[in-house]
There are 2 protein chains.
Amino acid sequence: MPNEQETERPRTRIQQRNRDLILEAALEVFSTHGFRGATLDQIAIEAGLSKPNLLYYFASKEAIHNELLSGLMDTWLDPMRAMDSNGEPIDEILAYVDRKLEMSRMYPRESRLFANEIVQGAPRILDALKGELKQLVDEKVAVIRDWTSQGKIASVHPYHLIFSIWSLTQHYADFDVQVRAVLGEEEPFDAAPVYLREVFLKILTP
Amino acid sequence: MPNEQETERPRTRIQQRNRDLILEAALEVFSTHGFRGATLDQIAIEAGLSKPNLLYYFASKEAIHNELLSGLMDTWLDPMRAMDSNGEPIDEILAYVDRKLEMSRMYPRESRLFANEIVQGAPRILDALKGELKQLVDEKVAVIRDWTSQGKIASVHPYHLIFSIWSLTQHYADFDVQVRAVLGEEEPFDAAPVYLREVFLKILTP
DNA sequence: CCAGTATTTGACCAGTCGGTCAAAGTAAGG
DNA sequence: CCTTACTTTGACCGACTGGTCAAATACTGG
């Protein structure tokens with residue numbers, strides 16, 4: 001049984017392929033219906049496998065969801081980790097905004113998966129938010145405070161600055177339907193990068 | 001049968017009270033689990049009524065959800081409607097931001113109800129987004145364009161300006177759990193109004 | 001080619017889902 | 001007080017839920 005030891009990677013090519021198929025399908029379904037709204041049957045159909053076959057590779061519905069979330073958490077925080085405390089402050093933050101927006105454009109389903117989880121109270125990743133996430137944010141906040149005190153960027157509340165970046169970039173993935181409904185034909189991601197760069201430049205310029 | 005004609009208001013006090021109880025309970029449940037993740041049994045328990053009794057007042061699960069959404073849509077757009085094209089441009093926009101943020105603080109469940117619906121593809125309110133919402137936004141965008149061309153506010157993409165306002169204000173309701181996890185003890189809504197006012201002042205100042 | 005292992009699935013299970021219905025209970029007006 | 005309309009509910013329905021299991025099938029190394 002391949003799912004007995006969750007920590008080690010699958011061995012065979014079949015296991016690798018099917019786990020990938022399942023996670024891909026699960027991402028699709030979980031991101032559009034939330035955890036409780038998603039069903040194993042849906043995921044099975046989407047993956048082109050039988051339901052018992054899903055449960056041969058993963059112990060439970062929750063196990064699939066957990067795998068997705070924890071696997072994603074790392075990737076998701078990469079753009080923030082890449083902020084360089086030795087770089088030029090404004091450039092570093094603007095580059096972070098760019099990376100984050102690009103992430104939303106490339107991986108909207110991943111963004112919505114997190115959005116669903118957090119909007120619904122984050123019952124399954126609250127620990128990661130209070131731990132891993134908070135730790136990284138605290139670290140970067142210290143860097144931003146440093147930049148502020150050196151007069152390199154305007155004096156803004158560092159935590160809320162970060163919330164702004166998350167909020168504005170993820171909005172284009174999470175609320176994509178609404179944005180498109182309002183814009184009509186116009187493509188959201190055409191003007192968004194330019195607009196956001198402009199906005200954060202104004203916010204950060206001392 | 002009180003739910004036969006959906007357009008007219010309930011007559012008796014009992015009907016009024018029970019419909020309110022149900023909608024209140026449904027708001028609680030739908031906003032934390034999304035449409036598919038919510039169950040009638042949960043809503044019934046939350047409302048202190050039996051499940052068949054729910055369905056005596058509302059035709060179906062979807063009818064309850066629809067009633068909530070359409071009832072909310074109006075209230076939700078009020079802060080934007082209140083923008084006065086004859087007022088002082090920057091004041092008007094900043095006041096709109098304030099009202100919107102206050103809305104998120106006072107009615108976080110309503111905000112999450114919409115967030116759930118839209119993140120999940122807005123299958124039940126897409127028409128309202130493309131119609132009512134788009135119309136109102138288009139109207140206000142025209143006003144903003146006017147202000148811009150008069151040099152009263154900085155030249156920013158009006159649609160994306162509005163998306164910013166929605167995004168930043170609703171973030172504090174929809175992602176409340178995450179914001180609190182990162183901030184620790186600090187109360188989000190203490191600094192948020194000040195920060196947002198500061199941000200939009202910078203964005204709008206010509 | 002064959003034995004042993006990895007993979008797949010049909011049949012099935014108990015619990016829950018949204019929803020129905022007839023019957024019982026309650027309120028109100030004359 | 002009694003009729004009539006409104007309200008409530010226990011019992012129930014078929015469909016679906018996450019999950020199990022034994023048997024069947026495919027794959028692999030020797």
# chains A, B, ... in the order shown; residues from 1 in each chain; ligands from 1

$ select_by_dssp --residues "range 27-190 of chain B" --states "helix (DSSP H, G or I)" --output "NGL selection string"
:B and (27-37 or 40-47 or 51-57 or 61-81 or 89-106 or 108-119 or 126-149 or 158-174 or 176-183 or 188-190)

$ closest_atom_pairs --of "chain B" --to "chain A" --cutoff "6 Å" --atoms "only C-alpha atoms" --output "CSV"
residue,atom,partner,partner_atom,distance
B:Thr32,CA,A:Gln120,CA,4.6
B:His33,CA,A:Gln120,CA,5.9
B:Arg36,CA,A:Gly37,CA,4.6
B:Gly37,CA,A:Gly37,CA,4.1
B:Ile118,CA,A:Phe175,CA,6.0
B:Val119,CA,A:Asp174,CA,5.2
B:Gln120,CA,A:Thr32,CA,4.6
B:Leu129,CA,A:Ala181,CA,5.9
B:Lys130,CA,A:Ala181,CA,4.9
B:Lys134,CA,A:Val182,CA,4.7
B:Ser167,CA,A:Ser167,CA,5.9
B:Leu168,CA,A:Ser167,CA,5.9
B:Asp174,CA,A:Val119,CA,5.3
B:Phe175,CA,A:Val119,CA,5.7
B:Ala181,CA,A:Lys130,CA,4.9
B:Val182,CA,A:Lys134,CA,4.7

$ interface_residues --of "chain A" --to "chain D" --cutoff "9 Å" --atoms "only C-alpha atoms (C1' of nucleotides)" --output "number ranges by chain"
A: 39-40, 52, 55, 60-61

$ write_last_selection --atoms "all heavy atoms" --output "mmCIF file, in the first residue's frame"
data_model
loop_
_atom_site.group_PDB
_atom_site.id
_atom_site.type_symbol
_atom_site.label_atom_id
_atom_site.label_comp_id
_atom_site.auth_asym_id
_atom_site.auth_seq_id
_atom_site.Cartn_x
_atom_site.Cartn_y
_atom_site.Cartn_z
ATOM 1 N N THR A 39 -16.358 16.546 -3.857
ATOM 2 C CA THR A 39 -16.634 15.127 -3.586
ATOM 3 C C THR A 39 -15.563 14.257 -4.245
ATOM 4 O O THR A 39 -14.996 14.618 -5.284
ATOM 5 C CB THR A 39 -18.006 14.692 -4.126
ATOM 6 O OG1 THR A 39 -17.951 14.619 -5.555
ATOM 7 C CG2 THR A 39 -19.098 15.645 -3.703
ATOM 8 N N LEU A 40 -15.348 13.103 -3.632
ATOM 9 C CA LEU A 40 -14.358 12.168 -4.167
ATOM 10 C C LEU A 40 -14.757 11.690 -5.558
ATOM 11 O O LEU A 40 -13.901 11.479 -6.421
ATOM 12 C CB LEU A 40 -14.191 10.977 -3.226
ATOM 13 C CG LEU A 40 -13.416 11.261 -1.936
ATOM 14 C CD1 LEU A 40 -13.327 10.022 -1.073
ATOM 15 C CD2 LEU A 40 -12.017 11.768 -2.257
ATOM 16 N N PRO A 52 -12.336 3.973 -5.664
ATOM 17 C CA PRO A 52 -11.467 3.144 -4.815
ATOM 18 C C PRO A 52 -9.989 3.306 -5.172
ATOM 19 O O PRO A 52 -9.128 3.170 -4.312
ATOM 20 C CB PRO A 52 -11.939 1.721 -5.099
ATOM 21 C CG PRO A 52 -13.318 1.862 -5.581
ATOM 22 C CD PRO A 52 -13.372 3.166 -6.321
ATOM 23 N N LEU A 55 -8.455 6.115 -3.360
ATOM 24 C CA LEU A 55 -8.203 5.803 -1.950
ATOM 25 C C LEU A 55 -7.134 4.732 -1.781
ATOM 26 O O LEU A 55 -6.772 4.364 -0.665
ATOM 27 C CB LEU A 55 -9.515 5.396 -1.273
ATOM 28 C CG LEU A 55 -10.531 6.536 -1.235
ATOM 29 C CD1 LEU A 55 -11.947 6.021 -1.036
ATOM 30 C CD2 LEU A 55 -10.164 7.527 -0.137
ATOM 31 N N SER A 60 -7.453 9.332 2.547
ATOM 32 C CA SER A 60 -8.788 9.917 2.702
ATOM 33 C C SER A 60 -8.901 11.194 1.900
ATOM 34 O O SER A 60 -7.909 11.710 1.363
ATOM 35 C CB SER A 60 -9.053 10.230 4.177
ATOM 36 O OG SER A 60 -8.173 11.245 4.610
ATOM 37 N N LYS A 61 -10.117 11.721 1.822
ATOM 38 C CA LYS A 61 -10.349 13.007 1.175
ATOM 39 C C LYS A 61 -9.465 14.081 1.812
ATOM 40 O O LYS A 61 -8.825 14.862 1.118
ATOM 41 C CB LYS A 61 -11.828 13.365 1.334
ATOM 42 C CG LYS A 61 -12.261 14.674 0.704
ATOM 43 C CD LYS A 61 -13.725 14.954 1.055
ATOM 44 C CE LYS A 61 -14.203 16.277 0.467
ATOM 45 N NZ LYS A 61 -15.603 16.584 0.859
#

$ closest_residue --among "B:Glu28, B:Glu62, B:Glu46, B:Asp84" --to "chain C" --atoms "only C-alpha atoms (C1' of nucleotides)"
B:Glu62

$ closest_atom_pairs --of "chain C" --to "chain A" --cutoff "12 Å" --atoms "only C-alpha atoms (C1' of nucleotides)" --output "JSON lines"
{"residue": "C:DT5", "atom": "C1'", "partner": "A:Met1", "partner_atom": "CA", "distance": 10.7}
{"residue": "C:DA6", "atom": "C1'", "partner": "A:Met1", "partner_atom": "CA", "distance": 8.5}
{"residue": "C:DT7", "atom": "C1'", "partner": "A:Asn53", "partner_atom": "CA", "distance": 8.4}
{"residue": "C:DT8", "atom": "C1'", "partner": "A:Asn53", "partner_atom": "CA", "distance": 6.5}
{"residue": "C:DT9", "atom": "C1'", "partner": "A:Ser50", "partner_atom": "CA", "distance": 7.2}
{"residue": "C:DG10", "atom": "C1'", "partner": "A:Pro52", "partner_atom": "CA", "distance": 10.0}
{"residue": "C:DA11", "atom": "C1'", "partner": "A:Pro52", "partner_atom": "CA", "distance": 11.6}
{"residue": "C:DC17", "atom": "C1'", "partner": "A:Gly37", "partner_atom": "CA", "distance": 11.9}

$ residues_around --residues "Leu21 in chain A" --least-positions-apart "2" --cutoff "9 Å" --atoms "only C-alpha atoms (C1' of nucleotides)" --output "list in words"
Gln16, Arg17, Asn18, Arg19, Leu23, Glu24, Ala25, Ala26, Glu46, Ala47, Gly48 and Leu49 of chain A

$ write_last_selection --atoms "N, CA, C and O atoms" --output "mmCIF file, in the first residue's frame"
data_model
loop_
_atom_site.group_PDB
_atom_site.id
_atom_site.type_symbol
_atom_site.label_atom_id
_atom_site.label_comp_id
_atom_site.auth_asym_id
_atom_site.auth_seq_id
_atom_site.Cartn_x
_atom_site.Cartn_y
_atom_site.Cartn_z
ATOM 1 N N GLN A 16 3.781 7.653 -9.375
ATOM 2 C CA GLN A 16 4.063 9.072 -9.594
ATOM 3 C C GLN A 16 2.998 9.700 -10.487
ATOM 4 O O GLN A 16 2.426 10.740 -10.171
ATOM 5 N N ARG A 17 2.698 9.017 -11.591
ATOM 6 C CA ARG A 17 1.743 9.556 -12.550
ATOM 7 C C ARG A 17 0.348 9.673 -11.937
ATOM 8 O O ARG A 17 -0.320 10.701 -12.063
ATOM 9 N N ASN A 18 -0.087 8.605 -11.258
ATOM 10 C CA ASN A 18 -1.438 8.629 -10.707
ATOM 11 C C ASN A 18 -1.599 9.611 -9.555
ATOM 12 O O ASN A 18 -2.634 10.273 -9.447
ATOM 13 N N ARG A 19 -0.590 9.703 -8.723
ATOM 14 C CA ARG A 19 -0.641 10.718 -7.662
ATOM 15 C C ARG A 19 -0.755 12.108 -8.278
ATOM 16 O O ARG A 19 -1.546 12.937 -7.818
ATOM 17 N N LEU A 23 -3.847 14.698 -7.735
ATOM 18 C CA LEU A 23 -3.631 16.028 -7.160
ATOM 19 C C LEU A 23 -4.078 17.126 -8.123
ATOM 20 O O LEU A 23 -4.670 18.113 -7.712
ATOM 21 N N GLU A 24 -3.807 16.924 -9.392
ATOM 22 C CA GLU A 24 -4.259 17.873 -10.412
ATOM 23 C C GLU A 24 -5.786 17.972 -10.419
ATOM 24 O O GLU A 24 -6.361 19.065 -10.395
ATOM 25 N N ALA A 25 -6.444 16.823 -10.427
ATOM 26 C CA ALA A 25 -7.913 16.805 -10.422
ATOM 27 C C ALA A 25 -8.456 17.398 -9.133
ATOM 28 O O ALA A 25 -9.421 18.178 -9.141
ATOM 29 N N ALA A 26 -7.824 17.060 -8.028
ATOM 30 C CA ALA A 26 -8.276 17.552 -6.724
ATOM 31 C C ALA A 26 -8.135 19.067 -6.642
ATOM 32 O O ALA A 26 -9.005 19.752 -6.096
ATOM 33 N N GLU A 46 -12.733 13.494 -12.704
ATOM 34 C CA GLU A 46 -11.789 14.474 -13.250
ATOM 35 C C GLU A 46 -10.419 13.847 -13.507
ATOM 36 O O GLU A 46 -9.748 14.193 -14.469
ATOM 37 N N ALA A 47 -10.028 12.934 -12.632
ATOM 38 C CA ALA A 47 -8.700 12.310 -12.768
ATOM 39 C C ALA A 47 -8.727 11.136 -13.732
ATOM 40 O O ALA A 47 -7.686 10.628 -14.137
ATOM 41 N N GLY A 48 -9.932 10.685 -14.083
ATOM 42 C CA GLY A 48 -10.044 9.520 -14.949
ATOM 43 C C GLY A 48 -9.705 8.218 -14.246
ATOM 44 O O GLY A 48 -9.255 7.260 -14.855
ATOM 45 N N LEU A 49 -9.942 8.206 -12.926
ATOM 46 C CA LEU A 49 -9.687 6.988 -12.148
ATOM 47 C C LEU A 49 -10.944 6.612 -11.393
ATOM 48 O O LEU A 49 -11.879 7.406 -11.288
#

$ atom_distance --atom1 "CA of Ala82 in chain B" --atom2 "CA of Ile153 in chain B"
18.6 Å

$ decode --residues "chain C" --atoms "N, CA and C atoms (P, O5', C5', C4', C3', O3' and C1' of nucleotides)" --output "mmCIF file, in the first residue's frame"
data_model
loop_
_atom_site.group_PDB
_atom_site.id
_atom_site.type_symbol
_atom_site.label_atom_id
_atom_site.label_comp_id
_atom_site.auth_asym_id
_atom_site.auth_seq_id
_atom_site.Cartn_x
_atom_site.Cartn_y
_atom_site.Cartn_z
ATOM 1 P P DC C 1 5.240 -19.012 -23.049
ATOM 2 O "O5'" DC C 1 5.775 -19.286 -21.594
ATOM 3 C "C5'" DC C 1 6.359 -20.469 -21.148
ATOM 4 C "C4'" DC C 1 6.573 -20.265 -19.679
ATOM 5 C "C3'" DC C 1 5.286 -19.934 -18.909
ATOM 6 O "O3'" DC C 1 5.385 -20.599 -17.662
ATOM 7 C "C1'" DC C 1 6.876 -18.285 -18.470
ATOM 8 P P DC C 2 4.137 -21.350 -17.044
ATOM 9 O "O5'" DC C 2 4.595 -21.405 -15.516
ATOM 10 C "C5'" DC C 2 5.985 -21.249 -15.208
ATOM 11 C "C4'" DC C 2 6.162 -20.242 -14.086
ATOM 12 C "C3'" DC C 2 4.902 -19.990 -13.241
ATOM 13 O "O3'" DC C 2 5.283 -20.024 -11.884
ATOM 14 C "C1'" DC C 2 5.842 -17.945 -13.917
ATOM 15 P P DA C 3 4.237 -20.704 -10.805
ATOM 16 O "O5'" DA C 3 4.753 -20.046 -9.442
ATOM 17 C "C5'" DA C 3 6.162 -19.907 -9.213
ATOM 18 C "C4'" DA C 3 6.442 -18.547 -8.597
ATOM 19 C "C3'" DA C 3 5.485 -18.147 -7.474
ATOM 20 O "O3'" DA C 3 6.257 -17.664 -6.385
ATOM 21 C "C1'" DA C 3 5.536 -16.443 -9.135
ATOM 22 P P DG C 4 5.605 -17.424 -4.959
ATOM 23 O "O5'" DG C 4 5.647 -15.832 -4.874
ATOM 24 C "C5'" DG C 4 6.890 -15.150 -5.063
ATOM 25 C "C4'" DG C 4 6.613 -13.674 -5.311
ATOM 26 C "C3'" DG C 4 5.670 -13.031 -4.283
ATOM 27 O "O3'" DG C 4 6.232 -11.796 -3.890
ATOM 28 C "C1'" DG C 4 4.898 -12.598 -6.461
ATOM 29 P P DT C 5 5.728 -11.029 -2.587
ATOM 30 O "O5'" DT C 5 5.573 -9.526 -3.082
ATOM 31 C "C5'" DT C 5 6.470 -9.021 -4.086
ATOM 32 C "C4'" DT C 5 5.725 -8.048 -4.973
ATOM 33 C "C3'" DT C 5 4.823 -7.065 -4.204
ATOM 34 O "O3'" DT C 5 5.249 -5.755 -4.529
ATOM 35 C "C1'" DT C 5 3.739 -7.921 -6.114
ATOM 36 P P DA C 6 4.711 -4.496 -3.697
ATOM 37 O "O5'" DA C 6 4.035 -3.652 -4.861
ATOM 38 C "C5'" DA C 6 4.710 -3.504 -6.110
ATOM 39 C "C4'" DA C 6 3.707 -3.041 -7.149
ATOM 40 C "C3'" DA C 6 2.797 -1.907 -6.681
ATOM 41 O "O3'" DA C 6 2.751 -0.946 -7.729
ATOM 42 C "C1'" DA C 6 1.487 -3.711 -7.458
ATOM 43 P P DT C 7 1.884 0.366 -7.589
ATOM 44 O "O5'" DT C 7 0.514 -0.035 -8.271
ATOM 45 C "C5'" DT C 7 0.510 -0.352 -9.667
ATOM 46 C "C4'" DT C 7 -0.879 -0.767 -10.086
ATOM 47 C "C3'" DT C 7 -1.992 0.271 -9.870
ATOM 48 O "O3'" DT C 7 -2.442 0.630 -11.160
ATOM 49 C "C1'" DT C 7 -2.701 -1.923 -9.295
ATOM 50 P P DT C 8 -3.549 1.781 -11.332
ATOM 51 O "O5'" DT C 8 -4.897 0.943 -11.335
ATOM 52 C "C5'" DT C 8 -5.125 -0.013 -12.376
ATOM 53 C "C4'" DT C 8 -6.441 -0.715 -12.118
ATOM 54 C "C3'" DT C 8 -7.629 0.202 -11.845
ATOM 55 O "O3'" DT C 8 -8.538 0.071 -12.922
ATOM 56 C "C1'" DT C 8 -7.590 -1.675 -10.371
ATOM 57 P P DT C 9 -9.832 1.003 -12.979
ATOM 58 O "O5'" DT C 9 -10.915 0.069 -12.290
ATOM 59 C "C5'" DT C 9 -11.147 -1.228 -12.827
ATOM 60 C "C4'" DT C 9 -12.117 -1.973 -11.943
ATOM 61 C "C3'" DT C 9 -13.355 -1.159 -11.538
ATOM 62 O "O3'" DT C 9 -14.500 -1.919 -11.832
ATOM 63 C "C1'" DT C 9 -12.420 -2.224 -9.665
ATOM 64 P P DG C 10 -15.750 -1.328 -12.504
ATOM 65 O "O5'" DG C 10 -16.873 -2.373 -12.058
ATOM 66 C "C5'" DG C 10 -16.639 -3.778 -12.203
ATOM 67 C "C4'" DG C 10 -17.370 -4.539 -11.099
ATOM 68 C "C3'" DG C 10 -18.782 -4.039 -10.807
ATOM 69 O "O3'" DG C 10 -19.610 -5.173 -10.557
ATOM 70 C "C1'" DG C 10 -17.439 -3.835 -8.849
ATOM 71 P P DA C 11 -21.169 -5.021 -10.290
ATOM 72 O "O5'" DA C 11 -21.275 -5.334 -8.736
ATOM 73 C "C5'" DA C 11 -20.464 -6.358 -8.167
ATOM 74 C "C4'" DA C 11 -20.586 -6.309 -6.650
ATOM 75 C "C3'" DA C 11 -21.945 -5.808 -6.139
ATOM 76 O "O3'" DA C 11 -22.404 -6.691 -5.136
ATOM 77 C "C1'" DA C 11 -20.197 -4.530 -5.174
ATOM 78 P P DC C 12 -23.791 -6.448 -4.360
ATOM 79 O "O5'" DC C 12 -23.345 -5.635 -3.062
ATOM 80 C "C5'" DC C 12 -22.270 -6.147 -2.259
ATOM 81 C "C4'" DC C 12 -21.845 -5.093 -1.255
ATOM 82 C "C3'" DC C 12 -23.000 -4.414 -0.501
ATOM 83 O "O3'" DC C 12 -23.020 -4.890 0.830
ATOM 84 C "C1'" DC C 12 -21.235 -2.893 -1.077
ATOM 85 P P DC C 13 -24.295 -4.602 1.792
ATOM 86 O "O5'" DC C 13 -23.707 -3.524 2.798
ATOM 87 C "C5'" DC C 13 -22.428 -3.739 3.419
ATOM 88 C "C4'" DC C 13 -22.045 -2.466 4.150
ATOM 89 C "C3'" DC C 13 -23.253 -1.763 4.764
ATOM 90 O "O3'" DC C 13 -23.137 -1.719 6.172
ATOM 91 C "C1'" DC C 13 -21.870 -0.222 3.533
ATOM 92 P P DA C 14 -24.515 -1.694 7.049
ATOM 93 O "O5'" DA C 14 -24.260 -0.375 7.913
ATOM 94 C "C5'" DA C 14 -22.952 -0.074 8.394
ATOM 95 C "C4'" DA C 14 -22.782 1.437 8.466
ATOM 96 C "C3'" DA C 14 -23.950 2.186 9.126
ATOM 97 O "O3'" DA C 14 -23.401 3.219 9.921
ATOM 98 C "C1'" DA C 14 -23.600 3.035 6.961
ATOM 99 P P DG C 15 -24.347 4.070 10.934
ATOM 100 O "O5'" DG C 15 -24.268 5.512 10.257
ATOM 101 C "C5'" DG C 15 -22.983 6.084 10.008
ATOM 102 C "C4'" DG C 15 -23.138 7.307 9.120
ATOM 103 C "C3'" DG C 15 -24.231 8.283 9.558
ATOM 104 O "O3'" DG C 15 -23.654 9.580 9.590
ATOM 105 C "C1'" DG C 15 -24.491 7.724 7.263
ATOM 106 P P DT C 16 -24.445 10.827 10.173
ATOM 107 O "O5'" DT C 16 -24.748 11.684 8.854
ATOM 108 C "C5'" DT C 16 -23.682 11.935 7.938
ATOM 109 C "C4'" DT C 16 -24.261 12.477 6.646
ATOM 110 C "C3'" DT C 16 -25.286 13.602 6.847
ATOM 111 O "O3'" DT C 16 -24.777 14.761 6.206
ATOM 112 C "C1'" DT C 16 -26.006 12.027 5.225
ATOM 113 P P DC C 17 -25.554 16.144 6.245
ATOM 114 O "O5'" DC C 17 -26.263 16.219 4.827
ATOM 115 C "C5'" DC C 17 -25.445 16.226 3.655
ATOM 116 C "C4'" DC C 17 -26.300 16.144 2.413
ATOM 117 C "C3'" DC C 17 -27.565 16.993 2.465
ATOM 118 O "O3'" DC C 17 -27.244 18.300 2.014
ATOM 119 C "C1'" DC C 17 -28.022 14.811 1.560
ATOM 120 P P DG C 18 -28.259 19.501 2.265
ATOM 121 O "O5'" DG C 18 -29.404 19.214 1.201
ATOM 122 C "C5'" DG C 18 -29.114 19.352 -0.186
ATOM 123 C "C4'" DG C 18 -30.351 18.993 -0.976
ATOM 124 C "C3'" DG C 18 -31.532 19.948 -0.768
ATOM 125 O "O3'" DG C 18 -32.196 20.146 -2.003
ATOM 126 C "C1'" DG C 18 -32.149 17.752 -0.118
ATOM 127 P P DG C 19 -33.470 21.138 -2.069
ATOM 128 O "O5'" DG C 19 -34.687 20.153 -1.754
ATOM 129 C "C5'" DG C 19 -34.892 19.026 -2.622
ATOM 130 C "C4'" DG C 19 -36.026 18.176 -2.088
ATOM 131 C "C3'" DG C 19 -37.320 18.909 -1.731
ATOM 132 O "O3'" DG C 19 -38.350 18.459 -2.616
ATOM 133 C "C1'" DG C 19 -36.775 17.250 -0.126
ATOM 134 P P DT C 20 -39.826 19.009 -2.546
ATOM 135 O "O5'" DT C 20 -40.627 17.813 -1.867
ATOM 136 C "C5'" DT C 20 -40.483 16.501 -2.416
ATOM 137 C "C4'" DT C 20 -41.394 15.547 -1.677
ATOM 138 C "C3'" DT C 20 -42.829 16.036 -1.450
ATOM 139 O "O3'" DT C 20 -43.707 15.029 -1.935
ATOM 140 C "C1'" DT C 20 -41.887 15.262 0.599
ATOM 141 P P DC C 21 -45.235 15.370 -2.181
ATOM 142 O "O5'" DC C 21 -45.908 14.777 -0.862
ATOM 143 C "C5'" DC C 21 -45.480 13.510 -0.361
ATOM 144 C "C4'" DC C 21 -46.164 13.216 0.956
ATOM 145 C "C3'" DC C 21 -47.493 13.962 1.161
ATOM 146 O "O3'" DC C 21 -48.447 13.067 1.676
ATOM 147 C "C1'" DC C 21 -46.060 14.314 3.010
ATOM 148 P P DA C 22 -50.000 13.281 1.298
ATOM 149 O "O5'" DA C 22 -50.656 12.450 2.492
ATOM 150 C "C5'" DA C 22 -49.958 11.344 3.045
ATOM 151 C "C4'" DA C 22 -50.017 11.400 4.567
ATOM 152 C "C3'" DA C 22 -51.392 11.801 5.134
ATOM 153 O "O3'" DA C 22 -51.657 10.993 6.263
ATOM 154 C "C1'" DA C 22 -49.732 13.280 5.948
ATOM 155 P P DA C 23 -53.116 10.996 6.974
ATOM 156 O "O5'" DA C 23 -52.754 11.303 8.486
ATOM 157 C "C5'" DA C 23 -51.500 10.852 9.000
ATOM 158 C "C4'" DA C 23 -51.076 11.759 10.131
ATOM 159 C "C3'" DA C 23 -52.234 12.239 11.022
ATOM 160 O "O3'" DA C 23 -51.849 12.091 12.379
ATOM 161 C "C1'" DA C 23 -50.952 14.071 10.330
ATOM 162 P P DA C 24 -52.981 12.169 13.566
ATOM 163 O "O5'" DA C 24 -52.305 13.170 14.606
ATOM 164 C "C5'" DA C 24 -50.912 13.093 14.868
ATOM 165 C "C4'" DA C 24 -50.408 14.465 15.251
ATOM 166 C "C3'" DA C 24 -51.272 15.179 16.304
ATOM 167 O "O3'" DA C 24 -50.449 15.524 17.410
ATOM 168 C "C1'" DA C 24 -50.778 16.621 14.472
ATOM 169 P P DG C 25 -51.126 16.109 18.772
ATOM 170 O "O5'" DG C 25 -50.784 17.655 18.619
ATOM 171 C "C5'" DG C 25 -49.407 18.055 18.546
ATOM 172 C "C4'" DG C 25 -49.323 19.508 18.146
ATOM 173 C "C3'" DG C 25 -50.033 20.478 19.101
ATOM 174 O "O3'" DG C 25 -49.092 21.469 19.467
ATOM 175 C "C1'" DG C 25 -50.635 20.936 16.871
ATOM 176 P P DT C 26 -49.447 22.491 20.711
ATOM 177 O "O5'" DT C 26 -49.867 23.814 19.930
ATOM 178 C "C5'" DT C 26 -48.893 24.484 19.133
ATOM 179 C "C4'" DT C 26 -49.562 25.589 18.363
ATOM 180 C "C3'" DT C 26 -50.330 26.605 19.219
ATOM 181 O "O3'" DT C 26 -49.766 27.874 18.941
ATOM 182 C "C1'" DT C 26 -51.580 25.989 17.324
ATOM 183 P P DA C 27 -50.067 29.097 19.952
ATOM 184 O "O5'" DA C 27 -50.905 30.023 18.970
ATOM 185 C "C5'" DA C 27 -50.692 29.881 17.564
ATOM 186 C "C4'" DA C 27 -51.423 30.947 16.788
ATOM 187 C "C3'" DA C 27 -52.055 32.075 17.592
ATOM 188 O "O3'" DA C 27 -51.890 33.279 16.858
ATOM 189 C "C1'" DA C 27 -53.774 30.744 16.553
ATOM 190 P P DA C 28 -52.508 34.629 17.369
ATOM 191 O "O5'" DA C 28 -53.885 34.694 16.566
ATOM 192 C "C5'" DA C 28 -53.902 34.406 15.165
ATOM 193 C "C4'" DA C 28 -55.315 34.586 14.628
ATOM 194 C "C3'" DA C 28 -56.095 35.694 15.329
ATOM 195 O "O3'" DA C 28 -56.832 36.408 14.359
ATOM 196 C "C1'" DA C 28 -57.273 33.659 15.499
ATOM 197 P P DG C 29 -57.599 37.755 14.761
ATOM 198 O "O5'" DG C 29 -59.033 37.465 14.122
ATOM 199 C "C5'" DG C 29 -59.112 36.800 12.849
ATOM 200 C "C4'" DG C 29 -60.552 36.368 12.633
ATOM 201 C "C3'" DG C 29 -61.605 37.379 13.084
ATOM 202 O "O3'" DG C 29 -62.672 37.381 12.148
ATOM 203 C "C1'" DG C 29 -61.856 35.361 14.307
ATOM 204 P P DG C 30 -63.850 38.396 12.236
ATOM 205 O "O5'" DG C 30 -65.103 37.507 12.632
ATOM 206 C "C5'" DG C 30 -65.563 36.496 11.735
ATOM 207 C "C4'" DG C 30 -66.529 35.599 12.476
ATOM 208 C "C3'" DG C 30 -67.762 36.314 13.043
ATOM 209 O "O3'" DG C 30 -68.934 35.593 12.690
ATOM 210 C "C1'" DG C 30 -66.696 35.047 14.736
#
